[in-house]
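Structure below is query.pdb: PDB, C-alpha atoms, pLDDT in the B column.
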```
ATOM      1  CA  LEU A 930       2.922   5.145 -10.423  1.00 95.00           C
ATOM      2  CA  ASP A 931       2.365   5.417 -14.167  1.00 96.00           C
ATOM      3  CA  GLY A 932       4.468   2.294 -14.737  1.00 97.00           C
ATOM      4  CA  LEU A 933       2.507   0.271 -12.171  1.00 95.00           C
ATOM      5  CA  GLN A 934      -0.808   1.399 -13.619  1.00 93.00           C
ATOM      6  CA  THR A 935       0.379   0.384 -17.096  1.00 95.00           C
ATOM      7  CA  ILE A 936       1.101  -3.128 -15.762  1.00 95.00           C
ATOM      8  CA  GLU A 937      -2.323  -3.257 -14.081  1.00 92.00           C
ATOM      9  CA  ARG A 938      -4.080  -2.257 -17.316  1.00 91.00           C
ATOM     10  CA  ALA A 939      -2.110  -4.883 -19.255  1.00 94.00           C
ATOM     11  CA  HIS A 940      -3.620  -7.465 -16.885  1.00 93.00           C
ATOM     12  CA  GLY A 941      -7.189  -6.256 -17.351  1.00 90.00           C
ATOM     13  CA  ARG A 942      -7.472  -3.727 -14.535  1.00 88.00           C
ATOM     14  CA  GLN A 943     -10.284  -1.266 -15.040  1.00 86.00           C
ATOM     15  CA  ARG A 944     -11.375   1.528 -12.706  1.00 82.00           C
ATOM     16  CA  PRO A 945     -15.137   1.925 -13.268  1.00 84.00           C
ATOM     17  CA  TYR A 946     -15.608   3.014  -9.626  1.00 87.00           C
ATOM     18  CA  ARG A 947     -13.622   3.268  -6.385  1.00 81.00           C
ATOM     19  CA  ASN A 948     -12.562  -0.137  -4.993  1.00 78.00           C
ATOM     20  CA  ALA A 949     -13.949  -2.041  -7.981  1.00 84.00           C
ATOM     21  CA  PRO A 950     -12.947  -5.721  -8.167  1.00 82.00           C
ATOM     22  CA  ARG A 951      -9.596  -6.109  -9.882  1.00 83.00           C
ATOM     23  CA  PRO A 952      -7.403  -8.922 -11.199  1.00 85.00           C
ATOM     24  CA  LEU A 953      -4.222  -7.121 -10.112  1.00 91.00           C
ATOM     25  CA  ASP A 954      -3.566  -4.309  -7.640  1.00 88.00           C
ATOM     26  CA  LEU A 955      -0.085  -2.821  -7.406  1.00 93.00           C
ATOM     27  CA  ASP A 956       0.644  -0.181  -4.775  1.00 93.00           C
ATOM     28  CA  ILE A 957       3.643   1.915  -3.821  1.00 96.00           C
ATOM     29  CA  LEU A 958       3.886   1.497  -0.059  1.00 96.00           C
ATOM     30  CA  LEU A 959       7.017   3.512   0.717  1.00 96.00           C
ATOM     31  CA  TYR A 960       9.832   5.260  -1.071  1.00 95.00           C
ATOM     32  CA  ALA A 961      12.842   5.453   1.243  1.00 91.00           C
ATOM     33  CA  GLU A 962      11.875   7.937   3.955  1.00 92.00           C
ATOM     34  CA  LEU A 963      10.013  10.274   1.623  1.00 95.00           C
ATOM     35  CA  PRO A 964       6.644  11.524   2.834  1.00 96.00           C
ATOM     36  CA  LEU A 965       4.557  12.686  -0.133  1.00 96.00           C
ATOM     37  CA  GLN A 966       1.021  13.993  -0.625  1.00 96.00           C
ATOM     38  CA  THR A 967      -0.177  14.683  -4.154  1.00 96.00           C
ATOM     39  CA  PRO A 968      -3.609  14.268  -5.740  1.00 95.00           C
ATOM     40  CA  ARG A 969      -2.399  10.969  -7.292  1.00 94.00           C
ATOM     41  CA  LEU A 970      -0.022   9.518  -4.720  1.00 96.00           C
ATOM     42  CA  SER A 971       0.387   9.468  -0.945  1.00 96.00           C
ATOM     43  CA  LEU A 972       3.501   8.059   0.716  1.00 97.00           C
ATOM     44  CA  PRO A 973       3.569   6.123   2.855  1.00 97.00           C
ATOM     45  CA  HIS A 974       0.476   4.376   1.532  1.00 96.00           C
ATOM     46  CA  PRO A 975      -2.433   5.852   3.544  1.00 93.00           C
ATOM     47  CA  ARG A 976      -3.662   2.500   4.899  1.00 93.00           C
ATOM     48  CA  LEU A 977      -0.336   0.687   5.149  1.00 94.00           C
ATOM     49  CA  GLN A 978      -0.555   0.262   8.923  1.00 95.00           C
ATOM     50  CA  GLN A 979      -4.161  -1.007   8.822  1.00 94.00           C
ATOM     51  CA  ARG A 980      -3.604  -4.110   6.710  1.00 92.00           C
ATOM     52  CA  ALA A 981      -2.141  -7.326   8.039  1.00 93.00           C
ATOM     53  CA  PHE A 982      -1.762  -8.690   4.487  1.00 91.00           C
ATOM     54  CA  VAL A 983       0.584  -5.771   3.798  1.00 92.00           C
ATOM     55  CA  LEU A 984       2.387  -5.454   7.135  1.00 94.00           C
ATOM     56  CA  LEU A 985       3.236  -9.116   7.720  1.00 94.00           C
ATOM     57  CA  PRO A 986       5.147  -9.781   4.473  1.00 93.00           C
ATOM     58  CA  LEU A 987       6.728  -6.322   4.554  1.00 95.00           C
ATOM     59  CA  LEU A 988       8.061  -6.914   8.062  1.00 95.00           C
ATOM     60  CA  GLU A 989       9.343 -10.353   7.093  1.00 95.00           C
ATOM     61  CA  LEU A 990      11.599  -8.549   4.615  1.00 96.00           C
ATOM     62  CA  ALA A 991      12.540  -5.657   6.916  1.00 96.00           C
ATOM     63  CA  PRO A 992      11.595  -6.302  10.576  1.00 96.00           C
ATOM     64  CA  ALA A 993      12.828  -2.928  11.849  1.00 96.00           C
ATOM     65  CA  LEU A 994      11.265  -0.900   9.030  1.00 96.00           C
ATOM     66  CA  GLN A 995      10.002   2.565   9.865  1.00 96.00           C
ATOM     67  CA  ALA A 996       7.692   4.795   7.865  1.00 97.00           C
ATOM     68  CA  PRO A 997       7.386   8.587   7.920  1.00 96.00           C
ATOM     69  CA  GLY A 998       4.605   9.605  10.276  1.00 95.00           C
ATOM     70  CA  LEU A 999       4.026   6.010  11.404  1.00 96.00           C
ATOM     71  CA  GLY A1000       7.265   5.135  13.166  1.00 96.00           C
ATOM     72  CA  VAL A1001       8.296   1.503  13.603  1.00 97.00           C
ATOM     73  CA  LEU A1002       5.815  -0.512  11.561  1.00 97.00           C
ATOM     74  CA  ALA A1003       6.027  -3.569  13.832  1.00 96.00           C
ATOM     75  CA  ALA A1004       4.303  -1.490  16.517  1.00 97.00           C
ATOM     76  CA  TRP A1005       1.136  -1.544  14.380  1.00 96.00           C
ATOM     77  CA  LEU A1006       0.908  -5.356  14.262  1.00 93.00           C
ATOM     78  CA  PRO A1007      -1.216  -5.797  17.413  1.00 93.00           C
ATOM     79  CA  GLN A1008      -3.916  -3.607  15.878  1.00 92.00           C
ATOM     80  CA  VAL A1009      -4.210  -5.815  12.780  1.00 91.00           C
ATOM     81  CA  ALA A1010      -3.437  -9.233  14.315  1.00 83.00           C
ATOM     82  CA  ALA A1011      -7.095 -10.306  14.181  1.00 83.00           C
ATOM     83  CA  HIS A1012      -7.023  -9.804  10.401  1.00 79.00           C
ATOM     84  CA  ALA A1013      -3.880 -11.881   9.799  1.00 75.00           C
ATOM     85  CA  PRO A1014      -4.302 -14.664   7.240  1.00 69.00           C
TER      86      PRO A1014
END
```
Here is a file; write its structure as structure tokens.
Amino acid sequence: LDGLQTIERAHGRQRPYRNAPRPLDLDILLYAELPLQTPRLSLPHPRLQQRAFVLLPLLELAPALQAPGLGVLAAWLPQVAAHAP
């Protein structure tokens, strides 16, 4: 996470408030099958299954991918299909 935030800052990312506009946004979506909850990082990403722009490319790379607590990620596609690019 520290490494990704260093890259974001190098590209002008600032965090003046939650969800501020940003030139670059890097997220850790999953790490193997590790579920994790810390004040700084939640795995899998807490909104992974709600975003077509995340799910579609991820499932192109790994169609049968599963996530801890979410199961088979392809099962979430119908819920986000209306938001697909």
Handout entry: Target residues per the PyMOL selection byres ((chain A and resi 964) around 10), formatted as an NGL selection string
Key = :A and (959-963 or 965-966 or 971-974 or 996-998)
Exercise for the section: Check what the PyMOL selection byres ((chain A and resi 994) around 12) selects in the file above and give those residues as number ranges by chain. Expected result: A: 958-962, 978, 984-993, 995-997, 999-1005
Practice task
List the residues selected by the PyMOL selection byres ((chain A and resi 953) around 12) in the file shown, writing them as number ranges by chain.
Solution key: A: 933-944, 949-952, 954-956
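CA of Thr967 (chain A) lies 25.0 Å from CA of Phe982 (chain A).
Between CA of Val1009 (chain A) and CA of Tyr946 (chain A) lies a distance of 26.6 Å.
As for CA of Ile957 (chain A) and CA of Pro1007 (chain A), they are spaced 23.1 Å apart.
Distance annotation: of A:Pro975, A:Arg947, A:Ala981, A:Leu970, the residue with the minimal separation from Leu1006 (chain A) is A:Ala981; atom set is all atoms listed in the file.
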Please fill the gaps in region 990-1001 of chain A so it has all heavy atoms, and write that as a PDB file, keeping the file's coordinate frame.
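Just written: result_39.pdb:
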```pdb
ATOM      1  N   LEU A 990      10.457  -9.022   5.397  1.00 96.00           N
ATOM      2  CA  LEU A 990      11.599  -8.549   4.615  1.00 96.00           C
ATOM      3  C   LEU A 990      12.459  -7.558   5.396  1.00 96.00           C
ATOM      4  O   LEU A 990      13.677  -7.538   5.242  1.00 96.00           O
ATOM      5  CB  LEU A 990      11.113  -7.876   3.326  1.00 96.00           C
ATOM      6  CG  LEU A 990      10.377  -8.762   2.346  1.00 96.00           C
ATOM      7  CD1 LEU A 990       9.782  -7.938   1.224  1.00 96.00           C
ATOM      8  CD2 LEU A 990      11.312  -9.832   1.805  1.00 96.00           C
ATOM      9  N   ALA A 991      11.823  -6.723   6.197  1.00 96.00           N
ATOM     10  CA  ALA A 991      12.540  -5.657   6.916  1.00 96.00           C
ATOM     11  C   ALA A 991      11.905  -5.474   8.297  1.00 96.00           C
ATOM     12  O   ALA A 991      11.074  -4.577   8.486  1.00 96.00           O
ATOM     13  CB  ALA A 991      12.493  -4.367   6.111  1.00 96.00           C
ATOM     14  N   PRO A 992      12.255  -6.318   9.269  1.00 96.00           N
ATOM     15  CA  PRO A 992      11.595  -6.302  10.576  1.00 96.00           C
ATOM     16  C   PRO A 992      11.664  -4.977  11.329  1.00 96.00           C
ATOM     17  O   PRO A 992      10.764  -4.673  12.104  1.00 96.00           O
ATOM     18  CB  PRO A 992      12.320  -7.397  11.356  1.00 96.00           C
ATOM     19  CG  PRO A 992      12.975  -8.256  10.339  1.00 96.00           C
ATOM     20  CD  PRO A 992      13.247  -7.381   9.153  1.00 96.00           C
ATOM     21  N   ALA A 993      12.676  -4.193  11.117  1.00 96.00           N
ATOM     22  CA  ALA A 993      12.828  -2.928  11.849  1.00 96.00           C
ATOM     23  C   ALA A 993      12.374  -1.722  11.023  1.00 96.00           C
ATOM     24  O   ALA A 993      12.648  -0.580  11.393  1.00 96.00           O
ATOM     25  CB  ALA A 993      14.275  -2.754  12.283  1.00 96.00           C
ATOM     26  N   LEU A 994      11.661  -1.971   9.949  1.00 96.00           N
ATOM     27  CA  LEU A 994      11.265  -0.900   9.030  1.00 96.00           C
ATOM     28  C   LEU A 994      10.445   0.174   9.730  1.00 96.00           C
ATOM     29  O   LEU A 994       9.565  -0.112  10.536  1.00 96.00           O
ATOM     30  CB  LEU A 994      10.459  -1.492   7.878  1.00 96.00           C
ATOM     31  CG  LEU A 994      10.118  -0.556   6.728  1.00 96.00           C
ATOM     32  CD1 LEU A 994      11.379  -0.022   6.056  1.00 96.00           C
ATOM     33  CD2 LEU A 994       9.245  -1.275   5.716  1.00 96.00           C
ATOM     34  N   GLN A 995      10.755   1.418   9.379  1.00 96.00           N
ATOM     35  CA  GLN A 995      10.002   2.565   9.865  1.00 96.00           C
ATOM     36  C   GLN A 995       9.420   3.307   8.668  1.00 96.00           C
ATOM     37  O   GLN A 995       9.952   3.231   7.567  1.00 96.00           O
ATOM     38  CB  GLN A 995      10.908   3.507  10.648  1.00 96.00           C
ATOM     39  CG  GLN A 995      11.492   2.871  11.892  1.00 96.00           C
ATOM     40  CD  GLN A 995      12.257   3.864  12.734  1.00 96.00           C
ATOM     41  OE1 GLN A 995      11.856   5.016  12.859  1.00 96.00           O
ATOM     42  NE2 GLN A 995      13.350   3.421  13.319  1.00 96.00           N
ATOM     43  N   ALA A 996       8.326   4.013   8.920  1.00 97.00           N
ATOM     44  CA  ALA A 996       7.692   4.795   7.865  1.00 97.00           C
ATOM     45  C   ALA A 996       7.455   6.211   8.375  1.00 97.00           C
ATOM     46  O   ALA A 996       7.101   6.400   9.541  1.00 97.00           O
ATOM     47  CB  ALA A 996       6.370   4.157   7.448  1.00 97.00           C
ATOM     48  N   PRO A 997       7.627   7.204   7.510  1.00 96.00           N
ATOM     49  CA  PRO A 997       7.386   8.587   7.920  1.00 96.00           C
ATOM     50  C   PRO A 997       5.974   8.762   8.478  1.00 96.00           C
ATOM     51  O   PRO A 997       4.999   8.319   7.874  1.00 96.00           O
ATOM     52  CB  PRO A 997       7.553   9.389   6.627  1.00 96.00           C
ATOM     53  CG  PRO A 997       8.353   8.521   5.719  1.00 96.00           C
ATOM     54  CD  PRO A 997       8.014   7.104   6.099  1.00 96.00           C
ATOM     55  N   GLY A 998       5.889   9.353   9.643  1.00 95.00           N
ATOM     56  CA  GLY A 998       4.605   9.605  10.276  1.00 95.00           C
ATOM     57  C   GLY A 998       3.998   8.418  10.988  1.00 95.00           C
ATOM     58  O   GLY A 998       3.027   8.559  11.721  1.00 95.00           O
ATOM     59  N   LEU A 999       4.556   7.227  10.783  1.00 96.00           N
ATOM     60  CA  LEU A 999       4.026   6.010  11.404  1.00 96.00           C
ATOM     61  C   LEU A 999       4.989   5.396  12.406  1.00 96.00           C
ATOM     62  O   LEU A 999       4.588   4.619  13.257  1.00 96.00           O
ATOM     63  CB  LEU A 999       3.683   4.963  10.340  1.00 96.00           C
ATOM     64  CG  LEU A 999       2.614   5.358   9.332  1.00 96.00           C
ATOM     65  CD1 LEU A 999       2.503   4.305   8.240  1.00 96.00           C
ATOM     66  CD2 LEU A 999       1.281   5.562  10.031  1.00 96.00           C
ATOM     67  N   GLY A1000       6.257   5.711  12.268  1.00 96.00           N
ATOM     68  CA  GLY A1000       7.265   5.135  13.166  1.00 96.00           C
ATOM     69  C   GLY A1000       7.573   3.703  12.799  1.00 96.00           C
ATOM     70  O   GLY A1000       7.456   3.288  11.643  1.00 96.00           O
ATOM     71  N   VAL A1001       7.937   2.909  13.798  1.00 97.00           N
ATOM     72  CA  VAL A1001       8.296   1.503  13.603  1.00 97.00           C
ATOM     73  C   VAL A1001       7.025   0.741  13.223  1.00 97.00           C
ATOM     74  O   VAL A1001       6.051   0.710  13.988  1.00 97.00           O
ATOM     75  CB  VAL A1001       8.927   0.906  14.880  1.00 97.00           C
ATOM     76  CG1 VAL A1001       9.226  -0.567  14.705  1.00 97.00           C
ATOM     77  CG2 VAL A1001      10.190   1.673  15.242  1.00 97.00           C
TER      78      VAL A1001
END
```
